[in-house]
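I have placed the structure first, in the form of structure tokens, so that the comments after it can refer back to it.
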Amino acid sequence: MGHSTTNYNLDQKFDFSAALKKSIMTVLGIGAVLLVAGIILSMTGGHDHGAEEGAHAFHWYQRLFANIWINNVYFAGIAVIGVFFFAIQYAAQAGWSAGILRVMLSLGNWLPIAAVLMIVSYFIVGHDIFHWTHAYLFDKNDPQYDFIIDGKGAFFFWPLEKGTFPVFFLVRMVLFLGIWIFFFNKLKKLSFEEDKVGGTEHWRKIRTWSAFFLVFFAVSSSIASWDWIMSIDTHWFSTLFGWYMFASWFVAGLSAITLITLYLRDKGYLEMVNENHIHDLGKFVFGFSIFWTYLWFSQFLLIYYANIPEESVYFVERLQSDVYGPFVFVNLILNFFLPFFVLMTRDAKRHGVFLKVVCSLIILGHWFDFFLMVQPGTLGHNGGFGLMEIGMFLVYGATAAYVVMSNLAKNNLVAKNHPMLEESYHHHI
């Protein structure tokens with residue numbers, strides 16, 4: 001067990017102050033007002049597109065449903081990335097991060113709520129979000145029968161008849177979310193037990209459980225990306241979509257971890273966290289922003305070069321749309337150009353002011369990434385970015401922040417008996 005002569009308070013607890021609670025609740029209130037205003041505008045200002053789209057009339061609530069799904073998947077991803085990054089530290093036997101492990105783990109407290117929201121909301125919004133849930137697509141006698149979707153039907157409906165109840169789809173959703181929560185609770189329990197016991201036994205146990213979680217997460221996150229997002233555009237598929245969605249989640253999760261760490265440090269907590277630790281977090285954000293861009297461009301370039309209609313339609317309906325076209329460039333600016341040019345220098349990655357701005361904009365930027373993954377396939381030209389989108393994002397973001405910060409205040413901020421804490425004290429790059 002690592003001991004240090006340095007006089008750090010290892011029993012420090014975060015005080016979730018009334019001022020911070022008020023700030024988060026204010027954001028939540030603003031978000032709720034904007035959301036209600038957006039809903040009212042959609043109800044009164046919208047018009048029926050049935051004449052344009054044949055049998056498929058557009059209703060205002062479909063836009064609300066799309067927003068619920070975007071935020072469900074996005075914030076569930078940020079939560080599980082906290083657990084993932086925590087597990088990575090143990091699997092890699094990392095010492096530099098010993099002082100901020102609890103920050104990573106705290107994001108996972110949103111997972112149980114995210115799971116309930118995901119599962120419950122599927123039964124409310126699923127039929128409007130997922131085209132493949134419509135029974136007529138699987139009826140060979142129906143004029144709207146779809147040969148391609150019928151071929152994929154078993155992946156959603158097995159063991160029942162295609163077009164009935166998506167048992168296999170829902171079993172995967174419940175299983176993935178349930179096992180992610182199980183691993184989160186197991187790692188959390190072992191981590192806090194280590195505070196009482198010390199030694200290396202708990203560190204080894206956490207390392208073992210982390211390794212199991214990482215293997216399961218590698219498989220489950222990819223399949224979840226196919227289920228929850230890629231199946232919205234049922235005809236289209238990408239062989240690297242699992243990586244792509246993981247990268248988007250990962251950069252957003254890293255940004256959230258960095259912002260919480262900087263906030264705590266500014267408030268006098270985490271004294272052992274110095275500019276070298278901040279530099280490492282900055283490098284992760286910088287590096288994985290480039291990784292996300294590499295995947296975005298790889299997916300785009302191959303589809304562009306091959307120019308196969310079944311593949312290119314995904315980008316055509318985004319790039320050539322008056323509604324979504326501008327947001328493709330907003331997505332690239334916020335998620336690549338901004339972090340690349342701002343965080344390129346060593347100094348920028350070591351100063352909180354740069355990281356606060358960049359990480360805040362990255363969290364918004366990757367929300368736009370999910371916005372572009374979901375809305376075109378669910379709403380078509382009826383989508384857009386307005387009060388409803390801003391309001392829903394603020395409501396989810398503020399609620400998740402409240403859950404994370406309130407749970408962070410319940411236990412020690414530092415894993416005080418972590419065997420590599422001494423290494424973290426003297427971390428220098």
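Ordering of the structure tokens sets the chain letters (A, B, ...); residue numbers start at 1 within each chain; ligands are numbered from 1 in the order shown.
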
Residues of stretch 112-165 of chain A at most 12 Å from stretch 223-242 of chain A: nearest atom pair and distance in Å, only C-alpha atoms, as CSV:
```
residue,atom,partner,partner_atom,distance
A:Met118,CA,A:Trp228,CA,9.7
A:Ile119,CA,A:Trp228,CA,11.1
A:Tyr122,CA,A:Trp228,CA,9.8
A:Gly126,CA,A:Trp228,CA,10.0
A:His127,CA,A:Ile232,CA,10.7
A:Asp128,CA,A:Ile232,CA,9.9
A:Ile129,CA,A:Ile232,CA,6.7
A:Phe130,CA,A:Ile232,CA,5.1
A:His131,CA,A:Ile232,CA,6.6
A:Trp132,CA,A:Thr234,CA,6.8
A:Thr133,CA,A:Ile232,CA,10.2
A:His134,CA,A:Thr234,CA,11.9
A:Leu137,CA,A:Thr234,CA,11.4
A:Asp146,CA,A:His235,CA,9.6
A:Phe147,CA,A:His235,CA,10.0
A:Ile148,CA,A:His235,CA,6.7
A:Ile149,CA,A:Thr234,CA,6.7
A:Asp150,CA,A:Thr234,CA,10.4
A:Gly151,CA,A:His235,CA,10.4
A:Lys152,CA,A:Thr234,CA,8.6
A:Gly153,CA,A:Thr234,CA,10.2
A:Phe155,CA,A:Asp227,CA,9.3
A:Phe156,CA,A:Asp227,CA,8.4
```

Would you write out, as a tab-separated table, a table of all residues in stretch 60-170 of chain A that have an atom no more than 6 Å from an atom of stretch 195-218 of chain A, listing for each the closest atom pair and the distance in Å to one decimal, considering only C-alpha atoms and ordering rows by chain and rising residue number?
```
residue	atom	partner	partner_atom	distance
A:Ala87	CA	A:Ser210	CA	4.6
A:Tyr90	CA	A:Arg207	CA	4.9
A:Ala91	CA	A:Arg207	CA	5.5
```

Take the residues just selected and output them with all heavy atoms as a PDB file, in the first residue's frame.
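File result-v2.pdb, as written:
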```pdb
ATOM      1  N   ALA A  87     -12.133   0.919 -15.688  1.00  0.00           N
ATOM      2  CA  ALA A  87     -11.657  -0.461 -15.870  1.00  0.00           C
ATOM      3  C   ALA A  87     -10.341  -0.502 -16.635  1.00  0.00           C
ATOM      4  O   ALA A  87      -9.460  -1.325 -16.341  1.00  0.00           O
ATOM      5  CB  ALA A  87     -12.722  -1.282 -16.592  1.00  0.00           C
ATOM      6  N   TYR A  90      -7.241  -0.095 -14.406  1.00  0.00           N
ATOM      7  CA  TYR A  90      -6.838  -1.289 -13.664  1.00  0.00           C
ATOM      8  C   TYR A  90      -6.259  -2.352 -14.585  1.00  0.00           C
ATOM      9  O   TYR A  90      -5.254  -2.994 -14.254  1.00  0.00           O
ATOM     10  CB  TYR A  90      -8.027  -1.846 -12.870  1.00  0.00           C
ATOM     11  CG  TYR A  90      -8.265  -1.082 -11.595  1.00  0.00           C
ATOM     12  CD1 TYR A  90      -9.092   0.038 -11.582  1.00  0.00           C
ATOM     13  CD2 TYR A  90      -7.644  -1.458 -10.405  1.00  0.00           C
ATOM     14  CE1 TYR A  90      -9.301   0.761 -10.416  1.00  0.00           C
ATOM     15  CE2 TYR A  90      -7.846  -0.740  -9.231  1.00  0.00           C
ATOM     16  CZ  TYR A  90      -8.668   0.364  -9.245  1.00  0.00           C
ATOM     17  OH  TYR A  90      -8.860   1.084  -8.085  1.00  0.00           O
ATOM     18  N   ALA A  91      -6.879  -2.539 -15.734  1.00  0.00           N
ATOM     19  CA  ALA A  91      -6.372  -3.552 -16.674  1.00  0.00           C
ATOM     20  C   ALA A  91      -4.964  -3.206 -17.146  1.00  0.00           C
ATOM     21  O   ALA A  91      -4.123  -4.084 -17.356  1.00  0.00           O
ATOM     22  CB  ALA A  91      -7.314  -3.671 -17.862  1.00  0.00           C
TER      23      ALA A  91
END
```

Item to check | Neighbour list for A:Phe75 as a PyMOL selection string, cut-off 10 Å, only C-alpha atoms, skip fewer than 2 positions in-chain | outcome: chain A and resi 70-73+77-81+107+110-111+114+249+252-253+367+393+396-397+400

With N, CA and C atoms retained, write the just-selected residues as an mmCIF file, in the first residue's frame.
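After the write, result-v8.cif holds the following:
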```cif
data_model
loop_
_atom_site.group_PDB
_atom_site.id
_atom_site.type_symbol
_atom_site.label_atom_id
_atom_site.label_comp_id
_atom_site.auth_asym_id
_atom_site.auth_seq_id
_atom_site.Cartn_x
_atom_site.Cartn_y
_atom_site.Cartn_z
ATOM 1 N N ILE A 70 -32.339 10.094 -28.859
ATOM 2 C CA ILE A 70 -30.983 10.657 -28.998
ATOM 3 C C ILE A 70 -30.338 10.812 -27.622
ATOM 4 N N ASN A 71 -31.056 11.434 -26.702
ATOM 5 C CA ASN A 71 -30.494 11.723 -25.375
ATOM 6 C C ASN A 71 -30.362 10.479 -24.509
ATOM 7 N N ASN A 72 -31.298 9.546 -24.658
ATOM 8 C CA ASN A 72 -31.172 8.272 -23.936
ATOM 9 C C ASN A 72 -29.855 7.595 -24.280
ATOM 10 N N VAL A 73 -29.620 7.396 -25.568
ATOM 11 C CA VAL A 73 -28.439 6.660 -26.016
ATOM 12 C C VAL A 73 -27.166 7.446 -25.700
ATOM 13 N N GLY A 77 -24.353 6.296 -22.922
ATOM 14 C CA GLY A 77 -22.990 6.043 -23.399
ATOM 15 C C GLY A 77 -21.942 6.750 -22.557
ATOM 16 N N ILE A 78 -22.186 8.021 -22.220
ATOM 17 C CA ILE A 78 -21.242 8.758 -21.375
ATOM 18 C C ILE A 78 -21.091 8.065 -20.022
ATOM 19 N N ALA A 79 -22.221 7.570 -19.479
ATOM 20 C CA ALA A 79 -22.194 6.886 -18.182
ATOM 21 C C ALA A 79 -21.345 5.620 -18.230
ATOM 22 N N VAL A 80 -21.563 4.790 -19.246
ATOM 23 C CA VAL A 80 -20.827 3.523 -19.313
ATOM 24 C C VAL A 80 -19.358 3.755 -19.658
ATOM 25 N N ILE A 81 -19.058 4.854 -20.354
ATOM 26 C CA ILE A 81 -17.656 5.178 -20.657
ATOM 27 C C ILE A 81 -16.890 5.492 -19.370
ATOM 28 N N LEU A 107 -19.472 8.616 -13.078
ATOM 29 C CA LEU A 107 -20.349 8.727 -14.255
ATOM 30 C C LEU A 107 -21.302 7.540 -14.347
ATOM 31 N N TRP A 110 -25.283 7.180 -13.418
ATOM 32 C CA TRP A 110 -26.418 7.480 -14.304
ATOM 33 C C TRP A 110 -26.931 6.210 -14.987
ATOM 34 N N LEU A 111 -26.134 5.154 -15.013
ATOM 35 C CA LEU A 111 -26.495 3.943 -15.766
ATOM 36 C C LEU A 111 -27.841 3.328 -15.365
ATOM 37 N N ALA A 114 -30.489 5.503 -16.726
ATOM 38 C CA ALA A 114 -30.456 5.412 -18.190
ATOM 39 C C ALA A 114 -31.108 4.124 -18.668
ATOM 40 N N TRP A 249 -18.948 8.193 -28.148
ATOM 41 C CA TRP A 249 -19.200 8.068 -26.714
ATOM 42 C C TRP A 249 -17.939 8.364 -25.903
ATOM 43 N N ALA A 252 -16.816 12.034 -25.674
ATOM 44 C CA ALA A 252 -17.756 12.765 -24.823
ATOM 45 C C ALA A 252 -17.542 12.393 -23.353
ATOM 46 N N GLY A 253 -17.329 11.095 -23.079
ATOM 47 C CA GLY A 253 -17.083 10.647 -21.706
ATOM 48 C C GLY A 253 -15.788 11.197 -21.139
ATOM 49 N N TRP A 367 -23.106 15.364 -29.131
ATOM 50 C CA TRP A 367 -24.570 15.293 -29.152
ATOM 51 C C TRP A 367 -25.062 15.522 -30.583
ATOM 52 N N PHE A 393 -31.826 18.398 -24.400
ATOM 53 C CA PHE A 393 -30.402 18.220 -24.088
ATOM 54 C C PHE A 393 -30.087 18.780 -22.695
ATOM 55 N N TYR A 396 -31.764 16.487 -19.872
ATOM 56 C CA TYR A 396 -31.003 15.253 -19.661
ATOM 57 C C TYR A 396 -29.635 15.551 -19.039
ATOM 58 N N GLY A 397 -28.949 16.548 -19.584
ATOM 59 C CA GLY A 397 -27.612 16.879 -19.102
ATOM 60 C C GLY A 397 -27.615 17.302 -17.649
ATOM 61 N N ALA A 400 -28.537 14.257 -15.355
ATOM 62 C CA ALA A 400 -27.381 13.360 -15.243
ATOM 63 C C ALA A 400 -26.302 13.972 -14.357
#
```

Checklist entry - Could you pull the residues within 8 Å of A:His277, counting only C-alpha atoms, minus those fewer than 3 positions along the same chain, as a VMD selection string? => result chain A and resid 96 to 97 273 to 274 280 to 281 427

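Contact shell of A:Phe327 at 9 Å (only C-alpha atoms; same-chain neighbours under 2 positions omitted): Arg318, Leu319, Val323, Tyr324, Gly325, Phe329, Val330, Asn331, Leu332, Phe368, Asp369 and Leu372 of chain A.
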
Since we have the selection now, will you write its residues out, keeping all heavy atoms, as a short mmCIF file (atom, residue, chain, number, x, y, z; two decimals), in the first residue's frame?
```cif
data_model
loop_
_atom_site.label_atom_id
_atom_site.label_comp_id
_atom_site.auth_asym_id
_atom_site.auth_seq_id
_atom_site.Cartn_x
_atom_site.Cartn_y
_atom_site.Cartn_z
N ARG A 318 -28.00 13.33 -45.67
CA ARG A 318 -27.49 14.24 -44.65
C ARG A 318 -26.81 15.45 -45.29
O ARG A 318 -27.11 16.59 -44.97
CB ARG A 318 -26.54 13.50 -43.71
CG ARG A 318 -27.28 12.60 -42.71
CD ARG A 318 -26.42 11.48 -42.16
NE ARG A 318 -27.14 10.72 -41.14
CZ ARG A 318 -28.05 9.78 -41.41
NH1 ARG A 318 -28.34 9.47 -42.67
NH2 ARG A 318 -28.67 9.14 -40.43
N LEU A 319 -25.88 15.19 -46.21
CA LEU A 319 -25.11 16.27 -46.82
C LEU A 319 -25.94 17.14 -47.75
O LEU A 319 -25.72 18.35 -47.84
CB LEU A 319 -23.91 15.69 -47.58
CG LEU A 319 -22.69 15.33 -46.72
CD1 LEU A 319 -21.73 14.47 -47.53
CD2 LEU A 319 -21.99 16.59 -46.23
N VAL A 323 -31.90 20.74 -44.08
CA VAL A 323 -32.08 20.63 -42.63
C VAL A 323 -30.79 20.18 -41.95
O VAL A 323 -30.37 20.75 -40.95
CB VAL A 323 -33.22 19.62 -42.31
CG1 VAL A 323 -33.39 19.47 -40.80
CG2 VAL A 323 -34.53 20.07 -42.94
N TYR A 324 -30.15 19.12 -42.49
CA TYR A 324 -29.02 18.49 -41.79
C TYR A 324 -27.65 18.87 -42.35
O TYR A 324 -26.65 18.74 -41.64
CB TYR A 324 -29.17 16.97 -41.83
CG TYR A 324 -30.50 16.50 -41.31
CD1 TYR A 324 -31.47 15.97 -42.18
CD2 TYR A 324 -30.83 16.63 -39.96
CE1 TYR A 324 -32.71 15.57 -41.71
CE2 TYR A 324 -32.06 16.24 -39.48
CZ TYR A 324 -33.00 15.70 -40.37
OH TYR A 324 -34.22 15.31 -39.89
N GLY A 325 -27.60 19.33 -43.61
CA GLY A 325 -26.32 19.64 -44.24
C GLY A 325 -25.40 20.52 -43.41
O GLY A 325 -24.23 20.18 -43.19
N PHE A 329 -21.19 19.88 -40.98
CA PHE A 329 -19.98 20.70 -40.84
C PHE A 329 -19.81 21.20 -39.40
O PHE A 329 -18.69 21.30 -38.91
CB PHE A 329 -20.03 21.86 -41.84
CG PHE A 329 -20.03 21.37 -43.26
CD1 PHE A 329 -21.21 21.27 -43.98
CD2 PHE A 329 -18.85 20.96 -43.87
CE1 PHE A 329 -21.22 20.78 -45.28
CE2 PHE A 329 -18.85 20.48 -45.17
CZ PHE A 329 -20.03 20.38 -45.87
N VAL A 330 -20.93 21.48 -38.72
CA VAL A 330 -20.86 21.82 -37.29
C VAL A 330 -20.25 20.65 -36.52
O VAL A 330 -19.39 20.83 -35.65
CB VAL A 330 -22.27 22.13 -36.73
CG1 VAL A 330 -22.26 22.22 -35.21
CG2 VAL A 330 -22.80 23.44 -37.33
N ASN A 331 -20.68 19.44 -36.87
CA ASN A 331 -20.16 18.21 -36.26
C ASN A 331 -18.65 18.11 -36.42
O ASN A 331 -17.92 17.87 -35.45
CB ASN A 331 -20.87 17.03 -36.94
CG ASN A 331 -20.62 15.69 -36.25
OD1 ASN A 331 -20.31 15.65 -35.06
ND2 ASN A 331 -20.73 14.62 -36.99
N LEU A 332 -18.17 18.32 -37.62
CA LEU A 332 -16.73 18.21 -37.88
C LEU A 332 -15.93 19.33 -37.21
O LEU A 332 -14.83 19.10 -36.72
CB LEU A 332 -16.47 18.21 -39.39
CG LEU A 332 -16.91 16.95 -40.15
CD1 LEU A 332 -16.82 17.17 -41.65
CD2 LEU A 332 -16.09 15.75 -39.74
N PHE A 368 -24.46 16.49 -31.28
CA PHE A 368 -24.82 16.72 -32.68
C PHE A 368 -24.53 15.49 -33.53
O PHE A 368 -25.24 15.20 -34.50
CB PHE A 368 -24.08 17.93 -33.25
CG PHE A 368 -24.74 19.24 -32.95
CD1 PHE A 368 -24.09 20.23 -32.22
CD2 PHE A 368 -26.02 19.50 -33.42
CE1 PHE A 368 -24.71 21.44 -31.95
CE2 PHE A 368 -26.65 20.72 -33.16
CZ PHE A 368 -25.99 21.68 -32.42
N ASP A 369 -23.47 14.76 -33.19
CA ASP A 369 -23.15 13.53 -33.90
C ASP A 369 -24.30 12.54 -33.80
O ASP A 369 -24.74 11.95 -34.80
CB ASP A 369 -21.86 12.93 -33.32
CG ASP A 369 -21.24 11.88 -34.23
OD1 ASP A 369 -21.51 11.91 -35.45
OD2 ASP A 369 -20.47 11.04 -33.73
N LEU A 372 -27.33 13.66 -35.76
CA LEU A 372 -27.22 13.32 -37.18
C LEU A 372 -27.37 11.83 -37.45
O LEU A 372 -27.72 11.43 -38.56
CB LEU A 372 -25.87 13.80 -37.73
CG LEU A 372 -25.73 15.30 -37.95
CD1 LEU A 372 -24.28 15.69 -38.20
CD2 LEU A 372 -26.61 15.77 -39.12
#
```

Item to check | Residue set, stretch 68-279 of chain A restricted to alpha helix (DSSP H), as a PyMOL selection string | outcome: chain A and resi 68-91+101-106+111-129+147-157+167-197+201-228+241-266+275-279

Checklist entry - To one decimal place, how far is atom CA of A:Glu193 from atom CA of A:Asn417 in Å? => result 9.7 Å

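When only C-alpha atoms are used to compute distances to A:Lys13, the closest of the residues A:Asn407, A:Ser255, A:Asn382, A:Asn276 turns out to be A:Asn407.
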
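Atom CA of A:Gly82 is positioned 5.8 Å from atom CA of A:Gly108.
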
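Minimum distance to A:Ala76 across A:Leu64, A:Ala154, A:Leu259, A:Val116 (counting only C-alpha atoms) occurs at A:Val116.
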
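Minimum atom-to-atom distances from A:Leu343, A:Ile308, A:Leu270, A:Leu364 to A:Gly282 were compared using only C-alpha atoms, and the lowest value belongs to A:Leu343.
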
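Shortest atom-to-atom contact with A:Leu264 among A:Met405, A:Val358, A:Leu190, A:Leu394: A:Met405, counting only C-alpha atoms.
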
Item to check | Residues near A:Leu20, cut-off 10 Å, only C-alpha atoms, skip fewer than 5 positions along chain, as a list of chain:residue names | outcome: A:Asp15, A:Met25, A:Thr26, A:Tyr402, A:Met405

Output file for the residues above (all heavy atoms, as a JSON list (two decimals), in the first residue's frame):
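Listing of again25.json after writing:
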```
[["chain", "number", "residue", "atom", "x", "y", "z"],
["A", 15, "ASP", "N", -18.33, 18.20, -1.15],
["A", 15, "ASP", "CA", -19.53, 18.83, -0.61],
["A", 15, "ASP", "C", -20.38, 19.33, -1.79],
["A", 15, "ASP", "O", -20.01, 20.30, -2.47],
["A", 15, "ASP", "CB", -19.14, 19.99, 0.30],
["A", 15, "ASP", "CG", -20.35, 20.77, 0.79],
["A", 15, "ASP", "OD1", -21.44, 20.16, 0.88],
["A", 15, "ASP", "OD2", -20.23, 21.98, 1.07],
["A", 25, "MET", "N", -30.07, 22.93, -11.03],
["A", 25, "MET", "CA", -31.53, 22.99, -11.12],
["A", 25, "MET", "C", -31.99, 24.15, -11.99],
["A", 25, "MET", "O", -33.04, 24.06, -12.64],
["A", 25, "MET", "CB", -32.14, 23.11, -9.71],
["A", 25, "MET", "CG", -31.90, 21.89, -8.82],
["A", 25, "MET", "SD", -32.36, 20.32, -9.60],
["A", 25, "MET", "CE", -34.14, 20.48, -9.68],
["A", 26, "THR", "N", -31.22, 25.23, -12.01],
["A", 26, "THR", "CA", -31.55, 26.36, -12.89],
["A", 26, "THR", "C", -31.45, 25.93, -14.35],
["A", 26, "THR", "O", -32.33, 26.24, -15.17],
["A", 26, "THR", "CB", -30.61, 27.55, -12.62],
["A", 26, "THR", "OG1", -30.73, 27.95, -11.26],
["A", 26, "THR", "CG2", -30.94, 28.72, -13.54],
["A", 402, "TYR", "N", -26.70, 16.12, -11.93],
["A", 402, "TYR", "CA", -27.17, 16.09, -10.54],
["A", 402, "TYR", "C", -26.95, 14.70, -9.93],
["A", 402, "TYR", "O", -26.47, 14.57, -8.80],
["A", 402, "TYR", "CB", -28.65, 16.47, -10.47],
["A", 402, "TYR", "CG", -29.13, 16.74, -9.07],
["A", 402, "TYR", "CD1", -29.13, 18.04, -8.57],
["A", 402, "TYR", "CD2", -29.56, 15.71, -8.24],
["A", 402, "TYR", "CE1", -29.56, 18.31, -7.27],
["A", 402, "TYR", "CE2", -29.97, 15.96, -6.94],
["A", 402, "TYR", "CZ", -29.98, 17.26, -6.47],
["A", 402, "TYR", "OH", -30.39, 17.52, -5.18],
["A", 405, "MET", "N", -23.05, 14.11, -9.47],
["A", 405, "MET", "CA", -22.44, 14.92, -8.40],
["A", 405, "MET", "C", -22.97, 14.52, -7.02],
["A", 405, "MET", "O", -22.22, 14.52, -6.04],
["A", 405, "MET", "CB", -22.67, 16.41, -8.65],
["A", 405, "MET", "CG", -22.08, 16.93, -9.96],
["A", 405, "MET", "SD", -20.34, 16.52, -10.21],
["A", 405, "MET", "CE", -19.53, 17.90, -9.44]]
```

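Each of A:His366, A:Lys349, A:His381, A:Lys283 was checked against A:Val328 using only C-alpha atoms; the smallest atom-to-atom distance is that of A:His366.
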
Item to check | Of the listed residues A:Arg172, A:Ser321, A:Glu271, A:Thr164, that which approaches A:Gly99 most closely, counting only C-alpha atoms | outcome: A:Glu271

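Here atom CA of A:Ser106 and atom CA of A:Leu262 stand 14.7 Å from one another.
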